[in-house]
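Chemist: So here's data-v3.tsv (TSV, C-alpha atoms and all ligand atoms).
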```
chain	number	residue	atom	x	y	z
A	1	MET	CA	54.39	42.01	-48.21
A	2	ILE	CA	53.77	44.37	-45.31
A	3	SER	CA	54.89	44.39	-41.73
A	4	VAL	CA	52.17	44.62	-39.04
A	5	ARG	CA	52.85	45.37	-35.41
A	6	SER	CA	50.88	44.34	-32.32
A	7	LYS	CA	51.35	46.58	-29.30
A	8	ALA	CA	49.55	44.00	-27.14
A	9	LEU	CA	52.04	41.24	-28.04
A	10	ASP	CA	55.00	43.57	-28.66
A	11	LYS	CA	55.53	41.64	-31.88
A	12	GLU	CA	55.79	42.32	-35.59
A	13	ILE	CA	54.85	39.94	-38.42
A	14	GLU	CA	54.97	40.07	-42.21
A	15	ILE	CA	51.80	39.32	-44.16
A	16	ASN	CA	50.45	39.31	-47.69
A	17	ARG	CA	46.90	40.34	-48.72
A	18	GLU	CA	46.08	36.67	-48.33
A	19	ILE	CA	47.02	35.97	-44.73
A	20	GLY	CA	46.38	32.26	-45.01
A	21	ARG	CA	44.30	29.45	-46.47
A	22	PHE	CA	43.35	26.04	-45.10
A	23	GLY	CA	41.33	23.07	-46.32
A	24	ASN	CA	40.89	21.67	-49.75
A	25	ASP	CA	37.50	20.08	-49.58
A	26	LYS	CA	34.99	21.19	-52.20
A	27	THR	CA	31.90	19.94	-50.37
A	28	GLY	CA	31.89	22.16	-47.26
A	29	PRO	CA	31.43	25.90	-46.67
A	30	THR	CA	33.74	28.67	-47.92
A	31	ILE	CA	34.67	30.81	-44.93
A	32	ILE	CA	36.28	34.17	-45.69
A	33	ILE	CA	37.72	36.13	-42.77
A	34	PHE	CA	38.86	39.76	-43.03
A	35	ALA	CA	41.24	41.35	-40.54
A	36	GLY	CA	42.41	44.95	-40.33
A	37	ILE	CA	39.95	46.70	-42.65
A	38	HIS	CA	40.83	49.43	-40.14
A	39	GLY	CA	44.63	49.62	-40.00
A	40	ASN	CA	44.78	50.46	-36.28
A	41	GLU	CA	43.00	47.15	-35.49
A	42	PRO	CA	45.72	44.51	-35.97
A	43	SER	CA	44.21	42.12	-33.39
A	44	GLY	CA	42.48	39.97	-36.04
A	45	VAL	CA	45.70	39.58	-38.05
A	46	PHE	CA	47.51	38.16	-35.02
A	47	ALA	CA	44.55	35.95	-34.07
A	48	LEU	CA	44.53	34.47	-37.58
A	49	GLU	CA	48.26	33.85	-37.45
A	50	GLN	CA	47.71	31.68	-34.36
A	51	ILE	CA	44.71	29.88	-35.87
A	52	PHE	CA	46.68	28.93	-39.01
A	53	SER	CA	49.67	27.84	-36.97
A	54	SER	CA	47.41	25.56	-34.89
A	55	LEU	CA	45.56	24.20	-37.98
A	56	ASN	CA	48.84	23.52	-39.78
A	57	LYS	CA	50.16	21.63	-36.77
A	58	SER	CA	47.11	19.49	-36.01
A	59	LYS	CA	45.93	19.17	-39.65
A	60	PRO	CA	42.30	18.33	-38.81
A	61	ALA	CA	39.96	16.92	-41.49
A	62	PHE	CA	38.38	20.19	-42.64
A	63	ARG	CA	35.10	20.44	-44.55
A	64	GLY	CA	35.28	23.30	-47.04
A	65	GLN	CA	37.89	26.05	-47.13
A	66	LEU	CA	39.07	28.89	-44.92
A	67	ILE	CA	40.54	31.97	-46.59
A	68	ALA	CA	41.83	34.90	-44.53
A	69	LEU	CA	42.45	38.32	-46.09
A	70	ALA	CA	44.06	41.51	-44.83
A	71	GLY	CA	41.87	44.61	-45.08
A	72	ASN	CA	43.61	47.98	-45.43
A	73	SER	CA	47.19	46.76	-45.78
A	74	ALA	CA	48.64	50.25	-46.38
A	75	ALA	CA	46.98	51.46	-43.16
A	76	LEU	CA	47.91	48.26	-41.26
A	77	ALA	CA	51.57	48.89	-42.11
A	78	LYS	CA	51.26	52.37	-40.58
A	79	GLY	CA	49.08	51.31	-37.64
A	80	GLU	CA	46.47	53.94	-38.60
A	81	ARG	CA	42.71	53.57	-39.14
A	82	TYR	CA	43.03	54.59	-42.80
A	83	ILE	CA	45.30	56.59	-45.09
A	84	GLU	CA	42.93	59.14	-46.69
A	85	GLN	CA	39.50	57.54	-46.68
A	86	ASP	CA	37.90	55.06	-44.28
A	87	LEU	CA	38.00	51.76	-46.20
A	88	ASN	CA	34.97	50.62	-44.24
A	89	ARG	CA	32.69	53.49	-45.41
A	90	ILE	CA	33.23	53.52	-49.18
A	91	TRP	CA	31.47	50.36	-50.40
A	92	HIS	CA	28.67	52.10	-52.32
A	93	ALA	CA	26.89	51.25	-55.56
A	94	GLU	CA	28.96	53.90	-57.47
A	95	PHE	CA	32.08	51.92	-56.67
A	96	ILE	CA	30.70	48.93	-58.56
A	97	LYS	CA	29.64	51.16	-61.44
A	98	LYS	CA	33.15	52.59	-61.71
A	99	MET	CA	34.71	49.15	-61.42
A	100	ASN	CA	32.56	47.85	-64.25
A	101	ASN	CA	32.48	50.92	-66.56
A	102	GLY	CA	35.99	51.96	-67.35
A	103	GLY	CA	37.15	52.28	-63.78
A	104	PHE	CA	38.40	55.27	-61.84
A	105	SER	CA	40.23	58.35	-63.07
A	106	GLN	CA	43.87	58.47	-61.98
A	107	ASP	CA	43.37	61.17	-59.33
A	108	GLU	CA	40.50	59.23	-57.72
A	109	ILE	CA	42.73	56.28	-56.90
A	110	LEU	CA	43.70	57.16	-53.34
A	111	PRO	CA	45.66	54.47	-51.45
A	112	ASP	CA	42.47	53.27	-49.70
A	113	ILE	CA	40.59	52.99	-53.03
A	114	ASN	CA	43.45	50.91	-54.35
A	115	GLU	CA	42.98	48.57	-51.40
A	116	GLN	CA	39.25	48.43	-52.13
A	117	ILE	CA	39.84	47.49	-55.78
A	118	GLU	CA	42.25	44.70	-54.80
A	119	ILE	CA	39.84	43.33	-52.18
A	120	TYR	CA	36.91	43.46	-54.60
A	121	LYS	CA	38.91	41.46	-57.16
A	122	GLN	CA	39.80	38.89	-54.50
A	123	ILE	CA	36.15	38.50	-53.49
A	124	GLU	CA	35.11	38.17	-57.12
A	125	SER	CA	37.70	35.48	-57.72
A	126	ILE	CA	36.59	33.57	-54.59
A	127	PHE	CA	33.00	33.56	-55.90
A	128	LYS	CA	34.27	32.20	-59.22
A	129	THR	CA	36.50	29.49	-57.81
A	130	HIS	CA	34.75	28.38	-54.61
A	131	LYS	CA	31.37	26.99	-53.71
A	132	PRO	CA	28.60	28.23	-51.45
A	133	PRO	CA	27.57	28.30	-48.68
A	134	TYR	CA	29.75	31.38	-48.11
A	135	TYR	CA	30.42	32.90	-44.71
A	136	PHE	CA	32.05	36.33	-44.48
A	137	ILE	CA	33.53	37.35	-41.13
A	138	ASP	CA	34.95	40.80	-40.44
A	139	LEU	CA	37.25	41.21	-37.42
A	140	HIS	CA	37.30	44.56	-35.62
A	141	THR	CA	38.22	46.19	-32.34
A	142	THR	CA	36.95	49.41	-30.74
A	143	SER	CA	38.58	52.54	-29.33
A	144	ALA	CA	36.71	52.17	-26.02
A	145	GLU	CA	36.96	49.20	-23.71
A	146	SER	CA	34.25	46.66	-24.60
A	147	VAL	CA	32.90	43.20	-24.08
A	148	PRO	CA	33.05	41.21	-27.33
A	149	PHE	CA	29.94	41.56	-29.52
A	150	ILE	CA	28.62	40.82	-33.00
A	151	THR	CA	27.33	43.24	-35.65
A	152	LEU	CA	25.06	42.14	-38.48
A	153	ASN	CA	22.60	43.25	-41.11
A	154	ASP	CA	19.24	41.88	-40.03
A	155	THR	CA	18.61	38.95	-42.36
A	156	LEU	CA	17.15	35.82	-40.77
A	157	ARG	CA	20.14	33.81	-42.00
A	158	ASN	CA	22.60	36.20	-40.33
A	159	ARG	CA	20.50	36.25	-37.19
A	160	ASP	CA	20.35	32.45	-36.91
A	161	PHE	CA	24.09	32.22	-37.34
A	162	ALA	CA	24.91	35.06	-34.90
A	163	LEU	CA	22.63	33.62	-32.20
A	164	LYS	CA	24.82	30.50	-32.02
A	165	PHE	CA	27.57	32.65	-30.46
A	166	PRO	CA	27.46	33.46	-26.73
A	167	MET	CA	27.78	37.23	-27.26
A	168	PRO	CA	25.41	40.17	-27.62
A	169	SER	CA	24.46	41.06	-31.22
A	170	ILE	CA	23.70	44.47	-32.75
A	171	LEU	CA	21.22	44.53	-35.62
A	172	GLY	CA	20.81	46.99	-38.44
A	173	ILE	CA	24.02	48.97	-38.11
A	174	GLU	CA	23.95	49.51	-41.89
A	175	GLU	CA	21.10	52.01	-41.52
A	176	PHE	CA	23.54	54.27	-39.69
A	177	LEU	CA	26.95	53.39	-41.13
A	178	SER	CA	26.77	53.65	-44.86
A	179	GLY	CA	29.30	51.94	-47.11
A	180	THR	CA	30.65	49.20	-44.83
A	181	MET	CA	32.32	46.29	-46.58
A	182	LEU	CA	30.22	43.78	-44.66
A	183	SER	CA	26.91	45.37	-45.80
A	184	PHE	CA	28.15	45.42	-49.37
A	185	VAL	CA	29.14	41.75	-49.27
A	186	ASN	CA	25.92	40.87	-47.46
A	187	GLU	CA	23.85	42.32	-50.31
A	188	LEU	CA	25.48	39.76	-52.62
A	189	GLY	CA	23.96	36.96	-50.55
A	190	PRO	CA	26.32	35.28	-48.08
A	191	ILE	CA	25.98	35.11	-44.33
A	192	ALA	CA	28.07	38.04	-43.10
A	193	ILE	CA	28.80	39.05	-39.52
A	194	GLY	CA	31.37	41.21	-37.74
A	195	PHE	CA	33.20	40.38	-34.51
A	196	GLU	CA	34.18	43.30	-32.33
A	197	ALA	CA	36.61	41.80	-29.85
A	198	GLY	CA	37.37	44.59	-27.38
A	199	SER	CA	39.70	47.59	-27.38
A	200	HIS	CA	42.42	47.98	-30.01
A	201	ASP	CA	45.66	47.12	-28.23
A	202	VAL	CA	44.87	44.66	-25.45
A	203	LEU	CA	45.75	40.98	-25.37
A	204	SER	CA	42.18	39.93	-24.58
A	205	SER	CA	41.00	41.25	-27.98
A	206	ILE	CA	43.35	38.86	-29.78
A	207	GLU	CA	42.15	36.01	-27.54
A	208	ASN	CA	38.51	36.92	-28.20
A	209	HIS	CA	39.16	36.96	-31.95
A	210	ILE	CA	40.81	33.53	-31.70
A	211	SER	CA	37.80	32.17	-29.77
A	212	SER	CA	35.29	33.65	-32.22
A	213	ILE	CA	37.17	32.20	-35.21
A	214	TRP	CA	37.21	28.68	-33.70
A	215	LEU	CA	33.50	28.94	-32.98
A	216	THR	CA	32.89	30.14	-36.55
A	217	LEU	CA	34.67	27.11	-37.98
A	218	VAL	CA	32.45	24.81	-35.90
A	219	PHE	CA	29.14	26.68	-36.38
A	220	ALA	CA	29.69	26.95	-40.15
A	221	GLY	CA	30.21	23.18	-40.24
A	222	ALA	CA	33.91	23.09	-41.23
A	223	LEU	CA	35.07	21.42	-38.01
A	224	ASP	CA	33.50	19.35	-35.24
A	225	LYS	CA	33.75	20.62	-31.67
A	226	ASP	CA	36.22	17.91	-30.70
A	227	GLN	CA	38.59	18.95	-33.50
A	228	VAL	CA	39.03	22.37	-31.86
A	229	PRO	CA	41.61	22.62	-29.09
A	230	ASP	CA	39.58	23.55	-25.96
A	231	PHE	CA	36.28	24.35	-27.70
A	232	ALA	CA	34.48	24.64	-24.34
A	233	ARG	CA	37.11	27.05	-23.01
A	234	HIS	CA	36.70	29.34	-26.05
A	235	TYR	CA	32.89	29.24	-25.77
A	236	ASN	CA	32.86	29.86	-22.03
A	237	SER	CA	35.44	32.61	-22.24
A	238	LEU	CA	33.26	34.61	-24.65
A	239	LYS	CA	30.14	33.84	-22.65
A	240	SER	CA	31.59	34.85	-19.29
A	241	GLN	CA	32.58	38.36	-20.44
A	242	SER	CA	29.07	39.73	-20.81
A	243	ASN	CA	25.76	39.65	-18.96
A	244	ASP	CA	24.06	40.12	-22.34
A	245	SER	CA	25.19	36.89	-23.96
A	246	LYS	CA	22.82	35.99	-26.85
A	247	LYS	CA	20.78	39.16	-26.37
A	248	VAL	CA	19.95	41.14	-29.49
A	249	PHE	CA	20.06	44.95	-29.61
A	250	GLU	CA	18.92	47.50	-32.15
A	251	ILE	CA	20.33	50.95	-32.74
A	252	ARG	CA	18.01	53.78	-31.74
A	253	PHE	CA	20.22	56.85	-32.01
A	254	ARG	CA	23.52	57.95	-33.54
A	255	HIS	CA	25.47	61.10	-32.77
A	256	GLN	CA	27.18	61.94	-36.02
A	257	ARG	CA	30.42	63.74	-35.26
A	258	THR	CA	31.96	66.46	-37.43
A	259	GLU	CA	35.58	67.67	-37.44
A	260	GLU	CA	34.47	71.22	-36.57
A	261	GLU	CA	32.32	70.49	-33.51
A	262	ASN	CA	35.21	69.58	-31.13
A	263	PHE	CA	33.41	66.50	-29.94
A	264	GLU	CA	34.61	65.07	-26.66
A	265	MET	CA	33.06	62.01	-25.02
A	266	LEU	CA	32.96	62.14	-21.20
A	267	THR	CA	35.34	59.55	-19.76
A	268	GLY	CA	34.23	56.20	-18.33
A	269	PHE	CA	31.64	54.98	-20.84
A	270	THR	CA	31.86	51.40	-22.07
A	271	ASN	CA	29.75	49.47	-24.56
A	272	PHE	CA	26.33	48.33	-23.28
A	273	MET	CA	26.57	50.49	-20.15
A	274	PRO	CA	23.00	51.51	-19.16
A	275	ILE	CA	22.25	55.21	-19.66
A	276	LYS	CA	19.25	57.36	-18.73
A	277	LYS	CA	17.37	59.90	-20.84
A	278	GLY	CA	18.86	63.34	-20.16
A	279	GLN	CA	22.19	61.99	-18.92
A	280	HIS	CA	25.25	64.11	-19.79
A	281	LEU	CA	27.31	62.04	-22.27
A	282	ALA	CA	29.66	64.31	-24.18
A	283	ASN	CA	30.53	67.93	-24.98
A	284	ASN	CA	31.07	69.87	-28.16
A	285	LYS	CA	31.57	73.54	-28.97
A	286	TYR	CA	27.83	74.18	-28.52
A	287	GLY	CA	27.84	72.79	-24.97
A	288	PRO	CA	26.84	69.54	-23.24
A	289	ILE	CA	25.28	66.65	-25.21
A	290	TYR	CA	22.54	64.77	-23.33
A	291	ALA	CA	21.02	61.32	-23.97
A	292	LYS	CA	17.86	61.67	-26.11
A	293	GLU	CA	16.47	58.44	-24.68
A	294	SER	CA	17.28	55.74	-22.14
A	295	GLY	CA	19.04	52.59	-23.32
A	296	ARG	CA	22.61	51.34	-23.50
A	297	MET	CA	25.72	53.20	-24.58
A	298	PHE	CA	27.29	51.84	-27.76
A	299	LEU	CA	30.62	52.66	-29.48
A	300	PRO	CA	31.56	55.82	-27.54
A	301	LEU	CA	34.37	57.51	-29.49
A	302	TYR	CA	37.69	57.79	-27.67
A	303	GLN	CA	39.97	58.34	-30.67
A	304	LYS	CA	40.65	61.24	-33.04
A	305	LYS	CA	39.37	59.70	-36.31
A	306	GLY	CA	35.78	58.56	-36.87
A	307	ASP	CA	32.37	59.96	-37.86
A	308	ASP	CA	30.35	58.46	-35.03
A	309	GLY	CA	30.38	60.11	-31.61
A	310	PHE	CA	28.29	57.42	-29.93
A	311	PHE	CA	25.15	55.32	-30.41
A	312	ILE	CA	22.26	54.44	-28.10
A	313	VAL	CA	20.99	50.85	-28.42
A	314	ARG	CA	18.04	48.94	-26.93
A	315	GLU	CA	17.37	45.25	-26.43
A	316	ILE	CA	14.85	43.48	-28.70
A	317	LYS	CA	13.13	40.79	-26.67
A	318	MET	CA	13.22	37.20	-27.91
A	319	PHE	CA	9.41	37.27	-28.30
A	320	TRP	CA	9.66	40.00	-30.98
A	321	LEU	CA	12.55	38.25	-32.71
A	322	LYS	CA	10.35	35.16	-33.02
A	323	VAL	CA	7.35	37.17	-34.25
A	324	SER	CA	9.55	38.84	-36.84
A	325	SER	CA	10.97	35.53	-37.99
A	326	LYS	CA	7.46	34.05	-38.43
A	327	LEU	CA	6.17	37.11	-40.30
A	328	ARG	CA	9.09	37.07	-42.70
A	329	THR	CA	8.95	33.34	-43.29
A	330	TYR	CA	5.32	33.76	-44.39
A	331	ASN	CA	6.06	36.92	-46.44
A	332	ALA	CA	3.72	39.04	-44.36
A	333	GLU	CA	5.19	42.16	-46.01
A	334	ARG	CA	2.74	41.51	-48.89
A	335	LEU	CA	0.08	43.01	-46.62
A	336	LEU	CA	1.95	46.29	-46.11
A	337	LYS	CA	0.77	47.79	-49.38
A	338	TYR	CA	-2.81	47.70	-48.07
A	339	LEU	CA	-1.94	50.11	-45.25
A	340	PRO	CA	-2.64	53.82	-45.87
A	341	GLY	CA	0.29	55.96	-47.04
A	342	ILE	CA	2.50	53.00	-47.99
A	343	TYR	CA	3.37	52.43	-51.65
A	344	LEU	CA	5.25	49.69	-53.45
A	345	ASP	CA	8.02	50.98	-55.66
A	346	ASN	CA	7.00	50.17	-59.23
A	347	CYS	CA	10.53	49.40	-60.39
A	348	ASP	CA	11.79	47.44	-57.42
A	349	THR	CA	9.50	45.07	-55.55
A	350	HIS	CA	11.96	45.11	-52.64
A	351	SER	CA	11.34	48.83	-52.03
A	352	LEU	CA	8.53	50.70	-50.29
A	353	ARG	CA	7.90	54.38	-49.87
A	354	ILE	CA	5.93	55.73	-46.99
A	355	ASN	CA	4.31	59.14	-46.72
A	356	THR	CA	6.18	61.09	-43.99
A	357	LYS	CA	2.85	62.60	-42.79
A	358	ILE	CA	1.66	59.25	-41.54
A	359	ALA	CA	5.04	57.74	-40.68
A	360	ARG	CA	5.29	57.15	-36.96
A	361	TRP	CA	7.80	55.30	-34.86
A	362	LEU	CA	5.39	52.34	-34.93
A	363	PHE	CA	5.86	52.05	-38.68
A	364	LEU	CA	9.64	51.99	-38.36
A	365	GLU	CA	9.34	49.14	-35.85
A	366	LEU	CA	6.94	47.31	-38.13
A	367	PHE	CA	9.27	47.69	-41.11
A	368	HIS	CA	12.18	46.38	-39.07
A	369	LEU	CA	10.16	43.37	-37.93
A	370	LEU	CA	9.39	42.59	-41.55
A	371	GLY	CA	13.04	42.80	-42.61
A	372	TYR	CA	13.18	46.27	-44.17
A	373	ARG	CA	15.91	48.82	-43.63
A	374	HIS	CA	15.51	52.58	-43.91
A	375	SER	CA	17.43	53.65	-47.02
A	376	SER	CA	16.68	57.37	-47.44
A	377	SER	CA	14.16	60.17	-46.86
A	378	THR	CA	12.92	63.14	-48.83
A	379	GLY	CA	10.53	65.79	-47.49
A	380	LYS	CA	7.54	63.76	-48.61
A	381	TYR	CA	8.58	60.13	-48.30
A	382	HIS	CA	10.73	57.71	-46.33
A	383	TYR	CA	12.15	54.88	-48.41
A	384	PHE	CA	12.57	51.36	-47.07
A	385	VAL	CA	14.28	48.43	-48.76
A	386	ARG	CA	13.67	44.78	-47.98
A	387	ARG	CA	16.95	43.05	-47.18
A	388	LYS	CA	17.69	40.49	-49.84
A	389	PHE	CA	18.40	36.80	-49.33
A	390	ASP	CA	16.71	36.91	-45.95
A	391	THR	CA	15.93	33.20	-45.81
A	392	VAL	CA	17.74	31.61	-48.78
A	393	GLU	CA	21.22	31.93	-50.24
A	394	PRO	CA	21.25	32.93	-53.95
A	395	GLU	CA	22.20	30.31	-56.51
A	396	ILE	CA	24.36	32.72	-58.51
A	397	TYR	CA	26.58	35.42	-57.04
A	398	THR	CA	26.68	38.64	-59.05
A	399	ASP	CA	27.19	42.35	-58.33
A	400	LYS	CA	23.96	43.05	-60.27
A	401	TYR	CA	22.12	42.69	-56.96
A	402	ILE	CA	23.90	45.68	-55.50
A	403	ASP	CA	21.27	48.16	-54.53
A	404	ALA	CA	21.57	51.78	-55.64
A	405	SER	CA	20.66	52.88	-52.11
A	406	LEU	CA	23.73	51.25	-50.53
A	501	ZN	ZN	36.97	48.73	-37.09
```
Is it possible to express this structure as structure tokens?

Modeler:
Amino acid sequence: MISVRSKALDKEIEINREIGRFGNDKTGPTIIIFAGIHGNEPSGVFALEQIFSSLNKSKPAFRGQLIALAGNSAALAKGERYIEQDLNRIWHAEFIKKMNNGGFSQDEILPDINEQIEIYKQIESIFKTHKPPYYFIDLHTTSAESVPFITLNDTLRNRDFALKFPMPSILGIEEFLSGTMLSFVNELGPIAIGFEAGSHDVLSSIENHISSIWLTLVFAGALDKDQVPDFARHYNSLKSQSNDSKKVFEIRFRHQRTEEENFEMLTGFTNFMPIKKGQHLANNKYGPIYAKESGRMFLPLYQKKGDDGFFIVREIKMFWLKVSSKLRTYNAERLLKYLPGIYLDNCDTHSLRINTKIARWLFLELFHLLGYRHSSSTGKYHYFVRRKFDTVEPEIYTDKYIDASL
């Protein structure tokens, strides 16, 4: 058991890895919610405590099961993002290899890796003992002030689910943040989305997490709207906080921060704030950092730890989302191999390589529309991988799907 403290509530609670569990029905969805994969983000833990207390009081008829798990419990106990390694950047294919082939050497098992091993075993056991459809939800908060928003890997199933929520969504973050737990889990097949509720230590972040969890239980089919206390209030509260409700954004640019550069974000930026090309955004030891293109500010860094200085995002219009959905439903990617400079990977039919000489921005857009993510580049080629389980959930869950490029 560990003790977790909320500055917003001025309260401390004791939790286990499994924060709570509700429902015993084998016919409905299995909903798995993670809180505190970053230890300085206790908001989700406190939101879940309130959800379970309400469920245990009202005891609604619940289709399926809800399981809530703590993320980095060692870091949660200390109120820090992580102990030695960011637990939300280490879910790579090598981890699975080490888990399955004799494990880690003793000196590799840092506290955060220990957490990862425990979480992996929990997920594995849930897949063995529970039934699909599975929904994975990851609760986060940000260092800067923010309206609540959703992050997701761009599968059509994730997109359909995310668009039920009255919040802006960010697609394709996994191309920029490698090794997130949500991307890893998503590659196994379930619907997986993240809720970013606002800044770390404010009361409204806990309330936003509570609202997003209630909505999840309804949209996943575990509860009816009238079984949720004040469903309309939760929906409207999330909706009223942003002018970009149900808009979808893609990431266009990331400033990767290093320890040595003395990165400092200028004050006053919030998520989704419009910015202009050439605008002064931050400073480092080389001088001012200007916006490379116009768009919206996303995740400006106002804390000491973290690899990402800021991102620039841009809205994808509903028209293009619909085009993309149609193209993918009819497997239009089969036509890609007829375009010049694009080759199918012989070993993996989900992968394409594209000659860098002919790769233009247009191609990147086209690949995104068709459900591919950029996985790596060499001098000669860019590699793209089709996201798996775009339109159908797998029948069997196994870590054999995990892609080497994760
Ligand atoms: Zn986080």

Chemist: From the set A:Ser325, A:Ser240, A:Ser143, A:Ser105, which residue has the shortest atom-to-atom contact distance to ligand ZN 501 (chain A), counting all atoms listed in the file?

Modeler: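 Answer, going by the shortest atom-to-atom distance: A:Ser143.
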
Chemist: Name the residues in contact with segment 284-286 of chain A at a cut-off of 12 Å, using all atoms listed in the file, excluding same-chain residues fewer than 2 positions from it; report them as a PyMOL selection string.

Modeler: chain A and resi 255-266+280-282+288-290+309

Chemist: To check your reading of the model: which residues sit at most 12 Å from ligand ZN 501 (chain A) when counting all atoms listed in the file? Write the answer as a PyMOL selection string.

Modeler: chain A and resi 34-44+71-72+76+80-82+86-89+138-144+151+177+180-182+194-200+299+301+303+305-306+308

Chemist: Quick check, in Å to one decimal: how far apart do atom CA of Asn186 of chain A and atom CA of Glu118 of chain A lie?

Modeler: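 Between these atoms lies a distance of 18.3 Å.
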
Chemist: When you look at Ser3 of chain A with a cut-off of 7 Å (counting all atoms listed in the file), what residues show up, excluding the ones that are within fewer than 3 positions of it in the same chain? I need them as a VMD selection string.

Modeler: chain A and resid 12 to 15 77

Chemist: When distances are computed from all atoms listed in the file, which of A:Phe95, A:Ile275, A:Ile31, A:Glu49 shows the smallest separation from Ile109 of chain A?

Modeler: A:Phe95

Chemist: Calculated over all atoms listed in the file, which of the candidates A:Ser237, A:Glu393, A:Asn56, A:Gly64 has the smallest distance to Val218 of chain A?

Modeler: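 For Val218 of chain A, the nearest of the candidates is A:Gly64.
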
Chemist: In terms of the shortest atom-to-atom distance over only C-alpha atoms, which of A:Glu145, A:Asp224, A:Asp154, A:Asp230 is closest to Gly371 of chain A?

Modeler: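 Distance minimum relative to Gly371 of chain A lands on A:Asp154.
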
Chemist: Place a sphere of radius 10 Å on (12.8, 54.5, -49.4) in the file coordinates and name every protein, DNA or RNA residue with an atom inside or on its surface, counting all atoms listed in the file; give the answer as an NGL selection string.

Modeler: :A and (343-345 or 350-354 or 372-378 or 381-386 or 405)

Chemist: Give as a list of chain:residue names each residue that has an atom at most 7 Å from (43.6, 39.0, -31.7) in the file, counting only C-alpha atoms.

Modeler: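 Output of the proximity query reads A:Ser43, A:Gly44, A:Val45, A:Phe46, A:Ala47, A:Leu203, A:Ser205, A:Ile206, A:Glu207, A:Asn208, A:His209, A:Ile210.
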
Chemist: In Å, with one decimal, what is the gap from atom CA of Ile32 of chain A to atom CA of Ala192 of chain A?

Modeler: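 Computed distance, atom CA of Ile32 of chain A to atom CA of Ala192 of chain A, equals 9.4 Å.
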
Chemist: Could you pull the residues within 8 Å of Arg314 of chain A, counting only C-alpha atoms, minus those fewer than 4 positions along the same chain, as a ChimeraX atom specification?

Modeler: /A:249-252,295-296

Chemist: Taking 2 positions as the minimum chain separation for residues in the same chain, which residues sit within 6 Å of Gln279 of chain A when counting only C-alpha atoms? Answer as a JSON list (two decimals) with C-alpha atoms, keeping the file's coordinate frame.

Modeler:
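Result file selection26.json:
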```
[["chain", "number", "residue", "atom", "x", "y", "z"],
["A", 276, "LYS", "CA", 19.25, 57.36, -18.73],
["A", 277, "LYS", "CA", 17.37, 59.90, -20.84],
["A", 290, "TYR", "CA", 22.54, 64.77, -23.33],
["A", 291, "ALA", "CA", 21.02, 61.32, -23.97]]
```

Chemist: Which of these, A:Ile173, A:Glu18, A:Gly28, A:Leu366, has the shortest distance to Leu339 of chain A once you count all atoms listed in the file?

Modeler: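 Closest candidate: A:Leu366.
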